[in-house]
Amino acid sequence: MSSVKIAKKSIVPEADDASGTMLVLKNIVKTFGNFTALDDVSFGLKKGEVHALLGENGAGKSSLMNVLCGLYAANSGAIYFDGQPVLISKPSDAHSLGIGMVHQHYKLVKTFTALENIQLENGAGPYRASMKNLQQRAIEVCGRIGFELELDRPVEQLSVSEQQRVEILKILTANARIIILDEPTAVLTDEEANQMFGAMRSLAATGCSVVFVTHKLREALNFADRITVMRAGRKIDTVLPSQVDARSLTNLIVGENIIERPQRSKVVGAPKISVSGLSKKGENGFNTLNNLSFKVNSGEIYGIVGVGGNGQNELVSILGGLSRADSGQIELIDHGNIENAEPLELRNLGVTCIYSDRAKYGLANDLSLAENFAISGVLAGEFGNRYWVNNRRIRSAAHQAIETFDIRGVRALHQKTGLLSGGNAQKLVIAREFSRKPSIVIAHSPCRGLDVRAASAVHKHLIHVRDSGGAVVLISEDLDEVLQLSDRMGVMYKGTIVAEFSVPADRNNIGRAMTGHA
Amino acid sequence: MRDIKLKSQRNLFQRFNLEMREHMPVAQQALVIACGLIVGLIFSALMLMVSGVSASDLLNEFIISIFTNSRNINAVLSFSAPLIIVGLAASIGFKARFWNIGIEGQVIFGAIGATVIANYDIGPDSTRIVLMALVAALFGMAWMILPLFLRLKLQVSEIISTLLLNYIAFNFLLHMLYGAWKDPVTSFPNSKIYDMSERLHKIATLDVSVSILISIVLVIVVTWILFFSRFGYAMKFVYANPSMAKAVGINFGIMLSVAALASGALAGLTGFTISAGIDSRLTQGFFVGYGFSGILIGFLARNNPLLVVFFSLMMAILMVAGQTLQVFYQIPFAMVQLIQATIVICVAASEFFIHHRIQVVS
């Protein structure tokens with residue numbers, strides 16, 4: 001019965017509810033070539049509300065928001081702002097209407113400091129004066145929403161979560177009235193996410209409207225005033241959190257039920273990899289890694305959880321052979337020390353690494369799917385020899401991998417990889433890395449930005465490696481993920497493992513350890 | 001409150017929307033580039049007509065006499081051999097994102113290397129020409145070592161270092177030609193003329209220079225390396241995403257070094273084919289029109305060795321016709337460079353339509 005009520009509500013266009021409606025997108029259509037990203041989508045946003053836009057990867061959520069903020073021009077459809085039709089044909093139009101967006105992939109100049117990035121977006125008038133002005137505003141906003149951020153550090157030295165804070169500050173210092181957040185919590189801890197949503201709520205109370213794009217049900221249910229669900233380029237429904245529960249919402253999103261249950265390891269074997277006393281000095285002279293040690297056994301997923309920026313990136317890059325530690329050892333029990341091994345050597349030893357920055361370390365976006373899939377195999381001599389790379393065999397292998405790993409949105413094997421949505425791009429990385437049957441997997445936030453279905457596929461592959469006697473190191477900022485997947489976990493804080501827990505463990509104890517109160 | 005004007009209608013200009021295009025069939029890409037090329041040629045023809053060459057003369061000099069007169073065909077082929085090699089030199093460097101702007105310097109040093117062997121009669125007569133080629137390649141490569149070292153160890157941009165080394169190479173060339181290597185007979189600033197055994201001859205039956213054969217072999221080798229070998233496969237990743245290439249286990253430093261050194265070696269060989277194949281001595285201006293043409297050809301051919309052949313032939317035709325224009329129509333050599341630049345700009349601009357699509361929105 002309640003579904004009837006919901007359906008009835010959604011038939012009435014939000015524009016009719018004239019009292020509080022701030023923004024209406026009506027019958028938006030957007031195509032890319034033959035592909036329809038948005039198929040006649042309408043969306044209403046009320047003044048002072050927090051609105052969740054929920055859906056799988058590739059459902060069209062980000063496309064819709066990109067139309068709103070002027071990055072995409074819709075093929076047809078209209079946008080009404082305060083009841084008047086407006087034309088948003090470029091980002092500056094959106095900017096002057098007071099619409100600000102934090103993109104999933106941050107648009108920051110890496111060599112500039114946080115404050116300079118803010119100034120780049122919002123600076124007006126003389127440089128010094130506007131810097132000073134913006135610094136005060138930024139500090140004020142930081143205080144209000146409880147952000148900790150060194151404004152004078154170059155963005156490239158900040159962790160992903162700190163970079164996001166810079167992005168949020170960028171639009172908040174511009175006095176935006178409509179704030180769009182694309183996957184805002186993908187890199188935040190529970191605590192930070194709660195804080196951020198608290199901040200958004202207080203912004204909404206002052207008359208701003210907040211849209212956040214997400215695929216996490218919990219967030220939508222807990223923090224939104226209204227939830228709009230999209231699937232495959234269409235709007236499915238707009239509902240109130242009180243009218244739905246997790247199960248019915250999942251149904252709306254995927255059209256089926258996907259529930260992941262923890263599966264603990266059955267056979268934990270002998271130690272497989274041991275890291276001891278790893279230290280590395282950062283650029284500012286402090287240790288990014290500080291005498292870090294852990295051991296992982298075969299048949300075990302070892303989770304490392306921690307707030308971003310506590311040395312995770314450095315740890316992963318050392319484990320993957322991209323950089324060297326100042327001191328310490330990494331030992332493969334049945335091989336020997338590997339702290340000086342090159343990436344290729346590590347891969348040939350069965351160690352594979354999934355980096356959190358997929359665009360930088362995972363895929364070459366300008367090359368084709370087949371090439372991105374095949375490169376590991378080609379380097380290992382799988383497709384032909386040094387003198388001849390057999391493209392026919394690559395194509396058939398890639399074709400098979402796309403089937404096996406359920407990579408969607410593939411129109412042709414020679415299609416550029418950059419056109420895949422986040423989840424499918426990650427599946428491609430997984431397909432490449434796992435077709436070589438690694439025995440040790442280092443995965444850093446492998447499900448960041450992925451929807452339920454894609455995340456559960458990635459988890460399945462990690463579990464498969466574990467169950468076939470491999471060892472998995474899962475480094476993540478998402479406590480839920482770590483608690484669900486790992487058999488044992490450590491908490492990383494200021495470059496070292498401050499506490500270890502066997503799972504299941506008490507969330508509160510872990511939370512205390514993550515903030516340095518172990 | 002807001003200074004933006006609220007508009008609901010799109011003006012004519014706003015009805016057209018540019019959009020990134022994900023993929024264009026190769027045939028269509030070729031068509032777009034051909035259109036760019038044709039537009040460039042039309043502009044060039046207009047410029048020449050404005051400066052007093054009639055349309056019929058243009059047709060005659062650029063097409064009829066080039067393709068019917070055997071002497072002109074020969075000239076085009078012998079000019080195109082070094083152009084092809086120098087185009088390959090640029091392409092193989094660019095393929096690894098190593099922006100070798102110092103091709104001219106390496107061409108100069110290649111020719112200096114060849115002349116060292118020729119001048120001091122090193123090695124037996126019968127194989128001296130082979131030794132000259134090898135040493136030219138080696139000298140070209142050696143001229144690349146410093147920029148490569150600076151790039152790998154100190155992250156100094158190779159664009160600057162290779163460019164600056166051009167001037168050093170040029171001045172060193174002058175130093176040799178006005179000093180130790182001055183022609184003993186005429187006292188002109190060029191090396192003494194190479195012996196017959198030190199020149200690249202014509203193949204008697206075909207009446208084309210050996211250098212064109214060398215260039216064809218090199219095209220085949222480079223095509224194979226870039227398109228079919230494992231090295232070339234890895235190179236694509238070095239170009240597309242260096243960080244990712246390192247992460248999947250490609251040795252970035254080695255790839256970059258090999259590409260840069262190969263680029264230098266090919267440029268050195270170019271110097272050899274000019275001095276031993278065309279001039280038969282080392283002159284002070286032998287490299288003019290070759291060094292930077294290589295970069296243009298590499299760019300126009302989008303680092304594809306087969307297209308390098310096509311664009312090198314075009315450049316060679318332009319050079320031959322340009323010489324005729326200079327002699328018979330008093331058109332300055334700068335005009336040839338102007339035509340080159342016009343064509344490059346038109347082709348570069350046409351690439352825009354490969355990557356974008358114009359969409360009409362309502």
# chains A, B, ... in the order shown; residues from 1 in each chain; ligands from 1
>>> residues_around(residues="Leu172 in chain A", least_positions_apart="2", cutoff="12 Å", atoms="only C-alpha atoms", output="ChimeraX atom specification")
/A:95,98-102,118,121-122,134,137-142,144-145,165-170,174-181,199-200,203,208,210
>>> residues_around(residues="Ser323 in chain A", least_positions_apart="4", cutoff="10 Å", atoms="only C-alpha atoms", output="list of chain:residue names")
A:Lys280, A:Glu314, A:Leu315, A:Val316, A:Ser317, A:Ile318, A:Leu319, A:Glu339, A:Asn340, A:Ala341, A:Glu342, A:Pro343
>>> residues_around(residues="Asn133 in chain A", least_positions_apart="5", cutoff="10 Å", atoms="only C-alpha atoms", output="mmCIF file with N, CA and C atoms, in the first residue's frame")
data_model
loop_
_atom_site.group_PDB
_atom_site.id
_atom_site.type_symbol
_atom_site.label_atom_id
_atom_site.label_comp_id
_atom_site.auth_asym_id
_atom_site.auth_seq_id
_atom_site.Cartn_x
_atom_site.Cartn_y
_atom_site.Cartn_z
ATOM 1 N N GLN A 119 41.435 30.002 -3.624
ATOM 2 C CA GLN A 119 41.545 31.327 -4.236
ATOM 3 C C GLN A 119 41.341 31.241 -5.748
ATOM 4 N N GLY A 123 38.684 33.585 -5.911
ATOM 5 C CA GLY A 123 39.411 34.821 -5.683
ATOM 6 C C GLY A 123 38.835 35.968 -6.485
ATOM 7 N N ALA A 124 38.708 37.100 -5.858
ATOM 8 C CA ALA A 124 38.262 38.280 -6.591
ATOM 9 C C ALA A 124 39.025 39.456 -6.018
ATOM 10 N N TYR A 127 45.155 40.093 -5.180
ATOM 11 C CA TYR A 127 45.524 38.748 -4.735
ATOM 12 C C TYR A 127 45.677 38.651 -3.217
ATOM 13 N N ARG A 128 46.511 39.561 -2.664
ATOM 14 C CA ARG A 128 46.790 39.455 -1.233
ATOM 15 C C ARG A 128 45.520 39.588 -0.394
ATOM 16 N N ALA A 138 37.796 30.528 5.122
ATOM 17 C CA ALA A 138 38.049 29.089 5.148
ATOM 18 C C ALA A 138 38.212 28.593 6.579
ATOM 19 N N THR A 173 33.148 28.390 0.680
ATOM 20 C CA THR A 173 33.631 29.773 0.763
ATOM 21 C C THR A 173 33.052 30.627 -0.365
#
>>> closest_residue(among="B:Phe16, B:Phe170, B:Phe139, B:Phe333", to="chain A", atoms="only C-alpha atoms")
B:Phe16
>>> residues_around(residues="range 291-300 of chain A", least_positions_apart="5", cutoff="7 Å", atoms="only C-alpha atoms", output="PyMOL selection string")
chain A and resi 265+267-279+466-472+487+495-497
>>> closest_residue(among="A:Leu115, A:Ala370, A:Ala59, A:Ala398", to="chain B", atoms="only C-alpha atoms")
A:Ala370
>>> select_by_dssp(residues="range 175-216 of chain A", states="strand (DSSP E)", output="list in words")
Ile178, Ile179, Ile180, Leu181, Asp182, Ser209, Val210, Val211, Phe212, Val213 and Thr214 of chain A
>>> write_last_selection(atoms="C-alpha atoms", output="short mmCIF file (atom, residue, chain, number, x, y, z; two decimals), in the first residue's frame")
data_model
loop_
_atom_site.label_atom_id
_atom_site.label_comp_id
_atom_site.auth_asym_id
_atom_site.auth_seq_id
_atom_site.Cartn_x
_atom_site.Cartn_y
_atom_site.Cartn_z
CA ILE A 178 22.92 24.62 -3.75
CA ILE A 179 25.68 22.22 -2.81
CA ILE A 180 26.13 19.03 -4.77
CA LEU A 181 28.39 16.35 -3.37
CA ASP A 182 29.30 13.46 -5.65
CA SER A 209 19.97 22.93 -0.32
CA VAL A 210 22.29 19.96 -0.38
CA VAL A 211 22.27 17.11 -2.88
CA PHE A 212 24.53 14.19 -2.25
CA VAL A 213 25.10 11.45 -4.74
CA THR A 214 25.68 8.12 -3.10
#
>>> residues_around(residues="range 153-161 of chain B", least_positions_apart="6", cutoff="6 Å", atoms="only C-alpha atoms", output="list in words")
Trp99, Ile101 and Pro147 of chain B
>>> closest_atom_pairs(of="chain A", to="chain B", cutoff="7 Å", atoms="only C-alpha atoms", output="CSV")
residue,atom,partner,partner_atom,distance
A:Asn75,CA,B:Val361,CA,5.1
A:Ser76,CA,B:Ser362,CA,5.9
A:Pro85,CA,B:Ser8,CA,5.3
A:Val86,CA,B:Ser8,CA,5.1
A:Leu87,CA,B:Ser8,CA,5.5
A:Ser96,CA,B:Ile4,CA,6.6
A:Leu322,CA,B:Ala247,CA,6.6
A:Pro343,CA,B:Gly249,CA,4.6
A:Leu344,CA,B:Gly249,CA,4.0
A:Lys360,CA,B:Met244,CA,5.9
A:Tyr361,CA,B:Met244,CA,4.0
A:Gly362,CA,B:Met244,CA,5.8
A:Leu363,CA,B:Met244,CA,6.3
A:Ala364,CA,B:Asn241,CA,5.3
A:Asp366,CA,B:Ala240,CA,6.2
A:Leu367,CA,B:Ala240,CA,7.0
A:Ser376,CA,B:Val248,CA,6.3
A:Val378,CA,B:Arg230,CA,6.8
A:Arg386,CA,B:Arg230,CA,5.1
A:Tyr387,CA,B:Ser229,CA,4.6
A:Trp388,CA,B:Ser229,CA,4.8
A:Val389,CA,B:Phe228,CA,5.6
>>> write_last_selection(atoms="N, CA and C atoms", output="PDB file, in the first residue's frame")
ATOM      1  N   ASN A  75      20.613  17.341 -24.112  1.00  0.00           N
ATOM      2  CA  ASN A  75      20.056  17.389 -25.468  1.00  0.00           C
ATOM      3  C   ASN A  75      18.708  18.091 -25.450  1.00  0.00           C
ATOM      4  N   SER A  76      17.930  17.793 -24.434  1.00  0.00           N
ATOM      5  CA  SER A  76      16.671  18.500 -24.296  1.00  0.00           C
ATOM      6  C   SER A  76      16.288  18.524 -22.831  1.00  0.00           C
ATOM      7  N   PRO A  85      12.723  29.778 -15.753  1.00  0.00           N
ATOM      8  CA  PRO A  85      13.603  28.957 -16.577  1.00  0.00           C
ATOM      9  C   PRO A  85      14.979  29.594 -16.702  1.00  0.00           C
ATOM     10  N   VAL A  86      16.011  28.788 -16.541  1.00  0.00           N
ATOM     11  CA  VAL A  86      17.375  29.303 -16.693  1.00  0.00           C
ATOM     12  C   VAL A  86      18.129  28.415 -17.659  1.00  0.00           C
ATOM     13  N   LEU A  87      19.183  28.993 -18.187  1.00  0.00           N
ATOM     14  CA  LEU A  87      20.019  28.262 -19.109  1.00  0.00           C
ATOM     15  C   LEU A  87      21.385  28.099 -18.445  1.00  0.00           C
ATOM     16  N   SER A  96      27.344  31.274 -10.853  1.00  0.00           N
ATOM     17  CA  SER A  96      26.711  32.547 -10.505  1.00  0.00           C
ATOM     18  C   SER A  96      25.276  32.349 -10.017  1.00  0.00           C
ATOM     19  N   LEU A 322      56.880   0.565  -5.637  1.00  0.00           N
ATOM     20  CA  LEU A 322      57.028   1.849  -6.319  1.00  0.00           C
ATOM     21  C   LEU A 322      57.978   2.781  -5.588  1.00  0.00           C
ATOM     22  N   PRO A 343      58.686  -3.592  -9.188  1.00  0.00           N
ATOM     23  CA  PRO A 343      57.298  -4.041  -9.364  1.00  0.00           C
ATOM     24  C   PRO A 343      57.169  -5.317 -10.198  1.00  0.00           C
ATOM     25  N   LEU A 344      57.939  -5.416 -11.276  1.00  0.00           N
ATOM     26  CA  LEU A 344      57.806  -6.594 -12.140  1.00  0.00           C
ATOM     27  C   LEU A 344      58.200  -7.870 -11.403  1.00  0.00           C
ATOM     28  N   LYS A 360      45.398   7.013 -11.598  1.00  0.00           N
ATOM     29  CA  LYS A 360      46.841   7.209 -11.680  1.00  0.00           C
ATOM     30  C   LYS A 360      47.600   5.893 -11.819  1.00  0.00           C
ATOM     31  N   TYR A 361      47.244   4.909 -10.995  1.00  0.00           N
ATOM     32  CA  TYR A 361      48.038   3.687 -10.967  1.00  0.00           C
ATOM     33  C   TYR A 361      47.335   2.469 -11.566  1.00  0.00           C
ATOM     34  N   GLY A 362      46.029   2.593 -11.765  1.00  0.00           N
ATOM     35  CA  GLY A 362      45.298   1.388 -12.159  1.00  0.00           C
ATOM     36  C   GLY A 362      45.200   1.195 -13.648  1.00  0.00           C
ATOM     37  N   LEU A 363      44.840   2.254 -14.354  1.00  0.00           N
ATOM     38  CA  LEU A 363      44.515   2.101 -15.768  1.00  0.00           C
ATOM     39  C   LEU A 363      45.097   3.249 -16.573  1.00  0.00           C
ATOM     40  N   ALA A 364      45.372   2.979 -17.832  1.00  0.00           N
ATOM     41  CA  ALA A 364      45.720   4.048 -18.763  1.00  0.00           C
ATOM     42  C   ALA A 364      44.439   4.380 -19.525  1.00  0.00           C
ATOM     43  N   ASP A 366      43.536   6.388 -21.791  1.00  0.00           N
ATOM     44  CA  ASP A 366      43.491   6.629 -23.233  1.00  0.00           C
ATOM     45  C   ASP A 366      43.704   5.369 -24.060  1.00  0.00           C
ATOM     46  N   LEU A 367      44.099   4.308 -23.395  1.00  0.00           N
ATOM     47  CA  LEU A 367      44.318   3.076 -24.150  1.00  0.00           C
ATOM     48  C   LEU A 367      43.061   2.204 -24.075  1.00  0.00           C
ATOM     49  N   SER A 376      49.729  -6.772 -18.159  1.00  0.00           N
ATOM     50  CA  SER A 376      50.460  -7.622 -17.206  1.00  0.00           C
ATOM     51  C   SER A 376      50.877  -8.917 -17.865  1.00  0.00           C
ATOM     52  N   VAL A 378      51.238  -9.523 -21.050  1.00  0.00           N
ATOM     53  CA  VAL A 378      52.238  -9.294 -22.096  1.00  0.00           C
ATOM     54  C   VAL A 378      53.620  -9.201 -21.461  1.00  0.00           C
ATOM     55  N   ARG A 386      58.876 -11.834 -26.814  1.00  0.00           N
ATOM     56  CA  ARG A 386      59.470 -10.511 -26.802  1.00  0.00           C
ATOM     57  C   ARG A 386      59.331  -9.796 -28.153  1.00  0.00           C
ATOM     58  N   TYR A 387      59.350 -10.618 -29.212  1.00  0.00           N
ATOM     59  CA  TYR A 387      59.399 -10.013 -30.543  1.00  0.00           C
ATOM     60  C   TYR A 387      58.033  -9.891 -31.197  1.00  0.00           C
ATOM     61  N   TRP A 388      57.092 -10.603 -30.676  1.00  0.00           N
ATOM     62  CA  TRP A 388      55.795 -10.606 -31.330  1.00  0.00           C
ATOM     63  C   TRP A 388      54.689 -10.692 -30.289  1.00  0.00           C
ATOM     64  N   VAL A 389      53.853  -9.698 -30.219  1.00  0.00           N
ATOM     65  CA  VAL A 389      52.715  -9.735 -29.307  1.00  0.00           C
ATOM     66  C   VAL A 389      51.501 -10.164 -30.116  1.00  0.00           C
TER      67      VAL A 389
END
>>> select_by_dssp(residues="range 194-272 of chain B", states="alpha helix (DSSP H)", output="PyMOL selection string")
chain B and resi 210-223+230-240+242-247+252-272
>>> closest_residue(among="A:His461, A:Lys427, A:Arg264, A:Arg358", to="Gln484 in chain A", atoms="only C-alpha atoms")
A:Arg264
>>> residues_around(residues="range 508-510 of chain A", least_positions_apart="2", cutoff="9 Å", atoms="only C-alpha atoms", output="count of residues only")
15
>>> residues_around(residues="Gly105 in chain B", least_positions_apart="4", cutoff="12 Å", atoms="only C-alpha atoms", output="count of residues only")
40
>>> closest_residue(among="A:Arg411, A:Asp237, A:Leu108, A:Met492", to="Gly311 in chain A", atoms="only C-alpha atoms")
A:Met492
>>> atom_distance(atom1="CA of Asn390 in chain A", atom2="CA of Asn372 in chain A")
14.8 Å
>>> closest_residue(among="B:Val185, B:Met47, B:Ala118, B:Ile216", to="Leu131 in chain B", atoms="only C-alpha atoms")
B:Ala118
